[in-house]
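Take a look at the structure below.
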Amino acid sequence: MATAEKLQALYDAMFATYGPQHWWPGDTPTEIIIGAILTQNTAWRNVERAIENLKNASALNWLDLRDLPHEQLAELIRPAGYFNVKTRRLKAFVQWLWDSYNADLDRMFATPLHSLREELLSINGIGRETADSILLYACGLPTFVVDAYTARILTRHRLIDETADYDEIKELFESSLPDNVQLFNEYHALLVHVGKEHCRPKPRCSGCPLESFVHEV
DNA sequence: TGCCAGGCCGGGT
DNA sequence: ACCCGGCATGGC
């Protein structure tokens, strides 16, 4: 079976088992963007606390995120970890959003995918996964998100080499699958779900439900 | 107790 | 072009 067919079969197997995930777990584009930055190398549970703090402080909006002093914002997002780093990153994004789009998300979303991706990557603290998460889940643009779970699951299932980097993996998905926002959305969400449940660093695999499809190392 | 979590940056080689 | 330390909280 060709790799493209395996990727489609992997999706079918996950979808059949777990169904639609209805991602991203956030109510508004603003919340999705903030969550994407806060979840960098961090358990989602801790991000939820930070977002809850922002909501309770009525600070989950672009005006307050711009004007809050560093120390106050850092205190609100403390549960998400790396709070000083992430405060700088949030500030950098927010400053860019005001400078480039006057904090109007509709204007930002109207930017063509590839130029918007380059703009996002130019912001300090916005790397490839964060940029792609924003583009796919907040903007609704067809770009595939790669994360640690994606690489681990595909490696374990021998669909990629261990040394494959972000761009290679992203390109593999995008060249193998139809260019479809909803498919990219569900695929990444399902990979995260399976990763959390069954594909942790160690033990290597605990009751992986996809064993009949894949070839566990 | 130590390892892990939906990364990314900056400095050194 | 790689490699690595730093960043920090909370769950198991």
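Here's how to read the names in the structure tokens: chain A, B, ... by the order shown, residue numbers from 1 in each chain, ligand numbers from 1 in the order shown.
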With the cut-off set at 12 Å and counting only C-alpha atoms (C1' of nucleotides), tabulate each residue of chain C with an atom at most that distance from an atom of chain A, showing the nearest atom pair and its distance in Å to one decimal, ordered by chain and increasing number, as CSV.
residue,atom,partner,partner_atom,distance
C:DG6,C1',A:Tyr82,CA,10.0
C:DC7,C1',A:Tyr82,CA,5.2
C:DA8,C1',A:Gly81,CA,4.4
C:DT9,C1',A:Gly81,CA,4.4
C:DG10,C1',A:Asn46,CA,6.9
C:DG11,C1',A:Ala43,CA,9.2
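Shell of segment 108-110 of chain A at 8 Å, with only C-alpha atoms (C1' of nucleotides) counted and residues fewer than 3 places along the chain excluded, is Leu97, Tyr101, Asp104, Leu105, Leu116 and Cys139 of chain A.
Selecting chain B residues within 10 Å of chain A and counting only C-alpha atoms (C1' of nucleotides) yields DC3, DC4, DA5, DG6, DG7, DC8 and DC9 of chain B.
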Backbone-only DSSP, alpha helix (DSSP H) members of segment 11-53 of chain A, as a PDB file with N, CA and C atoms, in the first residue's frame:
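Saved as out.pdb:
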ATOM      1  N   TYR A  11      -6.514   7.630   8.788  1.00  0.00           N
ATOM      2  CA  TYR A  11      -7.607   8.553   9.114  1.00  0.00           C
ATOM      3  C   TYR A  11      -8.928   7.803   9.258  1.00  0.00           C
ATOM      4  N   ASP A  12      -9.205   6.949   8.299  1.00  0.00           N
ATOM      5  CA  ASP A  12     -10.468   6.201   8.333  1.00  0.00           C
ATOM      6  C   ASP A  12     -10.574   5.373   9.606  1.00  0.00           C
ATOM      7  N   ALA A  13      -9.449   4.749   9.986  1.00  0.00           N
ATOM      8  CA  ALA A  13      -9.460   3.900  11.184  1.00  0.00           C
ATOM      9  C   ALA A  13      -9.710   4.732  12.435  1.00  0.00           C
ATOM     10  N   MET A  14      -9.040   5.883  12.530  1.00  0.00           N
ATOM     11  CA  MET A  14      -9.217   6.743  13.710  1.00  0.00           C
ATOM     12  C   MET A  14     -10.627   7.311  13.757  1.00  0.00           C
ATOM     13  N   PHE A  15     -11.113   7.741  12.598  1.00  0.00           N
ATOM     14  CA  PHE A  15     -12.450   8.349  12.569  1.00  0.00           C
ATOM     15  C   PHE A  15     -13.519   7.319  12.915  1.00  0.00           C
ATOM     16  N   ALA A  16     -13.331   6.103  12.412  1.00  0.00           N
ATOM     17  CA  ALA A  16     -14.300   5.045  12.702  1.00  0.00           C
ATOM     18  C   ALA A  16     -14.320   4.729  14.188  1.00  0.00           C
ATOM     19  N   THR A  17     -13.160   4.819  14.827  1.00  0.00           N
ATOM     20  CA  THR A  17     -13.063   4.475  16.247  1.00  0.00           C
ATOM     21  C   THR A  17     -13.527   5.601  17.155  1.00  0.00           C
ATOM     22  N   TYR A  18     -13.122   6.817  16.826  1.00  0.00           N
ATOM     23  CA  TYR A  18     -13.345   7.930  17.751  1.00  0.00           C
ATOM     24  C   TYR A  18     -14.357   8.970  17.271  1.00  0.00           C
ATOM     25  N   PRO A  29     -12.386  32.553  17.699  1.00  0.00           N
ATOM     26  CA  PRO A  29     -11.063  32.648  17.062  1.00  0.00           C
ATOM     27  C   PRO A  29     -10.017  33.264  17.999  1.00  0.00           C
ATOM     28  N   THR A  30     -10.413  34.264  18.750  1.00  0.00           N
ATOM     29  CA  THR A  30      -9.473  34.880  19.688  1.00  0.00           C
ATOM     30  C   THR A  30      -8.977  33.862  20.711  1.00  0.00           C
ATOM     31  N   GLU A  31      -9.916  33.113  21.257  1.00  0.00           N
ATOM     32  CA  GLU A  31      -9.541  32.105  22.256  1.00  0.00           C
ATOM     33  C   GLU A  31      -8.661  31.016  21.644  1.00  0.00           C
ATOM     34  N   ILE A  32      -8.946  30.649  20.414  1.00  0.00           N
ATOM     35  CA  ILE A  32      -8.146  29.627  19.732  1.00  0.00           C
ATOM     36  C   ILE A  32      -6.709  30.106  19.528  1.00  0.00           C
ATOM     37  N   ILE A  33      -6.559  31.343  19.113  1.00  0.00           N
ATOM     38  CA  ILE A  33      -5.221  31.890  18.888  1.00  0.00           C
ATOM     39  C   ILE A  33      -4.428  31.940  20.191  1.00  0.00           C
ATOM     40  N   ILE A  34      -5.046  32.442  21.244  1.00  0.00           N
ATOM     41  CA  ILE A  34      -4.365  32.519  22.536  1.00  0.00           C
ATOM     42  C   ILE A  34      -4.003  31.121  23.024  1.00  0.00           C
ATOM     43  N   GLY A  35      -4.931  30.192  22.868  1.00  0.00           N
ATOM     44  CA  GLY A  35      -4.673  28.814  23.278  1.00  0.00           C
ATOM     45  C   GLY A  35      -3.530  28.189  22.502  1.00  0.00           C
ATOM     46  N   ALA A  36      -3.441  28.502  21.223  1.00  0.00           N
ATOM     47  CA  ALA A  36      -2.386  27.937  20.384  1.00  0.00           C
ATOM     48  C   ALA A  36      -1.011  28.374  20.883  1.00  0.00           C
ATOM     49  N   ILE A  37      -0.917  29.596  21.331  1.00  0.00           N
ATOM     50  CA  ILE A  37       0.365  30.089  21.852  1.00  0.00           C
ATOM     51  C   ILE A  37       0.633  29.506  23.235  1.00  0.00           C
ATOM     52  N   LEU A  38      -0.393  29.473  24.067  1.00  0.00           N
ATOM     53  CA  LEU A  38      -0.194  29.010  25.445  1.00  0.00           C
ATOM     54  C   LEU A  38       0.109  27.517  25.531  1.00  0.00           C
ATOM     55  N   TRP A  44      -2.679  20.600  27.945  1.00  0.00           N
ATOM     56  CA  TRP A  44      -3.841  21.445  27.663  1.00  0.00           C
ATOM     57  C   TRP A  44      -4.596  21.830  28.940  1.00  0.00           C
ATOM     58  N   ARG A  45      -4.613  20.928  29.917  1.00  0.00           N
ATOM     59  CA  ARG A  45      -5.306  21.215  31.173  1.00  0.00           C
ATOM     60  C   ARG A  45      -4.795  22.519  31.806  1.00  0.00           C
ATOM     61  N   ASN A  46      -3.497  22.736  31.720  1.00  0.00           N
ATOM     62  CA  ASN A  46      -2.926  23.952  32.302  1.00  0.00           C
ATOM     63  C   ASN A  46      -3.286  25.178  31.478  1.00  0.00           C
ATOM     64  N   VAL A  47      -3.416  24.986  30.184  1.00  0.00           N
ATOM     65  CA  VAL A  47      -3.822  26.087  29.311  1.00  0.00           C
ATOM     66  C   VAL A  47      -5.250  26.501  29.634  1.00  0.00           C
ATOM     67  N   GLU A  48      -6.096  25.521  29.912  1.00  0.00           N
ATOM     68  CA  GLU A  48      -7.487  25.824  30.270  1.00  0.00           C
ATOM     69  C   GLU A  48      -7.557  26.739  31.483  1.00  0.00           C
ATOM     70  N   ARG A  49      -6.705  26.470  32.453  1.00  0.00           N
ATOM     71  CA  ARG A  49      -6.694  27.319  33.651  1.00  0.00           C
ATOM     72  C   ARG A  49      -6.309  28.748  33.305  1.00  0.00           C
ATOM     73  N   ALA A  50      -5.302  28.864  32.479  1.00  0.00           N
ATOM     74  CA  ALA A  50      -4.835  30.203  32.100  1.00  0.00           C
ATOM     75  C   ALA A  50      -5.927  30.958  31.341  1.00  0.00           C
ATOM     76  N   ILE A  51      -6.584  30.273  30.426  1.00  0.00           N
ATOM     77  CA  ILE A  51      -7.652  30.918  29.655  1.00  0.00           C
ATOM     78  C   ILE A  51      -8.817  31.283  30.561  1.00  0.00           C
ATOM     79  N   GLU A  52      -9.100  30.420  31.522  1.00  0.00           N
ATOM     80  CA  GLU A  52     -10.153  30.718  32.490  1.00  0.00           C
ATOM     81  C   GLU A  52      -9.814  31.988  33.273  1.00  0.00           C
ATOM     82  N   ASN A  53      -8.560  32.121  33.663  1.00  0.00           N
ATOM     83  CA  ASN A  53      -8.125  33.329  34.364  1.00  0.00           C
ATOM     84  C   ASN A  53      -8.333  34.568  33.501  1.00  0.00           C
TER      85      ASN A  53
END
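Interatomic distance, atom CA of His198 of chain A against atom CA of Ile169 of chain A: 20.5 Å.
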Q: For Ser58 of chain A, list every protein, DNA or RNA residue within 12 Å, evaluated using only C-alpha atoms (C1' of nucleotides), and leave out those in the same chain fewer than 6 positions away; present the list as a PyMOL selection string.
A: chain A and resi 51-52+64-65+68+73+76
Create the file for the chosen residues now, containing N, CA and C atoms and written as a PDB file, in the first residue's frame.
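Everything below was put into part15.pdb:
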ATOM      1  N   ILE A  51      -6.584  30.273  30.426  1.00  0.00           N
ATOM      2  CA  ILE A  51      -7.652  30.918  29.655  1.00  0.00           C
ATOM      3  C   ILE A  51      -8.817  31.283  30.561  1.00  0.00           C
ATOM      4  N   GLU A  52      -9.100  30.420  31.522  1.00  0.00           N
ATOM      5  CA  GLU A  52     -10.153  30.718  32.490  1.00  0.00           C
ATOM      6  C   GLU A  52      -9.814  31.988  33.273  1.00  0.00           C
ATOM      7  N   ASP A  64      -7.248  44.591  25.828  1.00  0.00           N
ATOM      8  CA  ASP A  64      -6.649  44.334  27.146  1.00  0.00           C
ATOM      9  C   ASP A  64      -5.340  43.569  27.029  1.00  0.00           C
ATOM     10  N   LEU A  65      -5.289  42.643  26.090  1.00  0.00           N
ATOM     11  CA  LEU A  65      -4.046  41.887  25.925  1.00  0.00           C
ATOM     12  C   LEU A  65      -2.910  42.812  25.489  1.00  0.00           C
ATOM     13  N   LEU A  68      -2.474  45.437  29.028  1.00  0.00           N
ATOM     14  CA  LEU A  68      -2.101  44.910  30.338  1.00  0.00           C
ATOM     15  C   LEU A  68      -0.585  44.927  30.504  1.00  0.00           C
ATOM     16  N   LEU A  73      -0.307  40.331  33.109  1.00  0.00           N
ATOM     17  CA  LEU A  73      -0.647  39.281  32.146  1.00  0.00           C
ATOM     18  C   LEU A  73       0.054  37.978  32.510  1.00  0.00           C
ATOM     19  N   LEU A  76      -1.779  36.145  35.197  1.00  0.00           N
ATOM     20  CA  LEU A  76      -3.007  35.494  34.738  1.00  0.00           C
ATOM     21  C   LEU A  76      -2.718  34.178  34.026  1.00  0.00           C
TER      22      LEU A  76
END
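In this model, the gap between atom CA of Leu183 of chain A and atom CA of Asp161 of chain A comes to 23.7 Å.
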Q.
Rounded to one decimal, what separation in Å do you get between atom CA of Leu54 of chain A and atom CA of Ala92 of chain A?
A.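 Those two atoms sit 17.4 Å apart.
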Within 10 Å of Asn185 of chain A, counting only C-alpha atoms (C1' of nucleotides), which residues qualify if same-chain residues fewer than 4 places away don't, as a short mmCIF file (atom, residue, chain, number, x, y, z; two decimals) with C-alpha atoms, in the first residue's frame?
data_model
loop_
_atom_site.label_atom_id
_atom_site.label_comp_id
_atom_site.auth_asym_id
_atom_site.auth_seq_id
_atom_site.Cartn_x
_atom_site.Cartn_y
_atom_site.Cartn_z
CA PRO A 20 -15.43 13.68 14.89
CA GLN A 21 -13.47 15.64 17.49
CA HIS A 22 -14.99 19.07 16.85
CA TRP A 23 -11.70 20.87 17.31
CA TRP A 24 -10.17 23.33 18.30
CA SER A 133 -2.72 25.84 14.29
CA LEU A 136 -6.24 25.98 10.34
CA TYR A 137 -8.32 26.30 13.48
CA GLY A 140 -10.18 28.09 8.63
CA LEU A 141 -7.43 27.90 6.02
CA PRO A 142 -6.25 24.55 4.59
CA THR A 143 -2.85 23.93 6.15
CA PHE A 144 -1.83 20.73 7.92
CA VAL A 145 -0.70 20.97 11.55
CA ASN A 180 -9.75 20.05 2.55
CA VAL A 181 -9.98 22.18 5.70
CA ALA A 189 -7.45 16.42 16.20
CA LEU A 190 -7.69 12.64 15.93
#
Q) Can you list, as a list of chain:residue names, every protein, DNA or RNA residue that comes within 10 Å of DC3 of chain C when you count only C-alpha atoms (C1' of nucleotides), leaving out same-chain residues fewer than 2 positions away? A)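 With the cut-off at 10 Å, the set is B:DG12, B:DT13, C:DA1, C:DG5.
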Q) Which polymer residues have any atom within 9 Å of an atom of Val94 of chain A, counting only C-alpha atoms (C1' of nucleotides), with same-chain residues fewer than 6 positions away left out, as a VMD selection string? A) chain A and resid 62 to 63 65 to 66 103
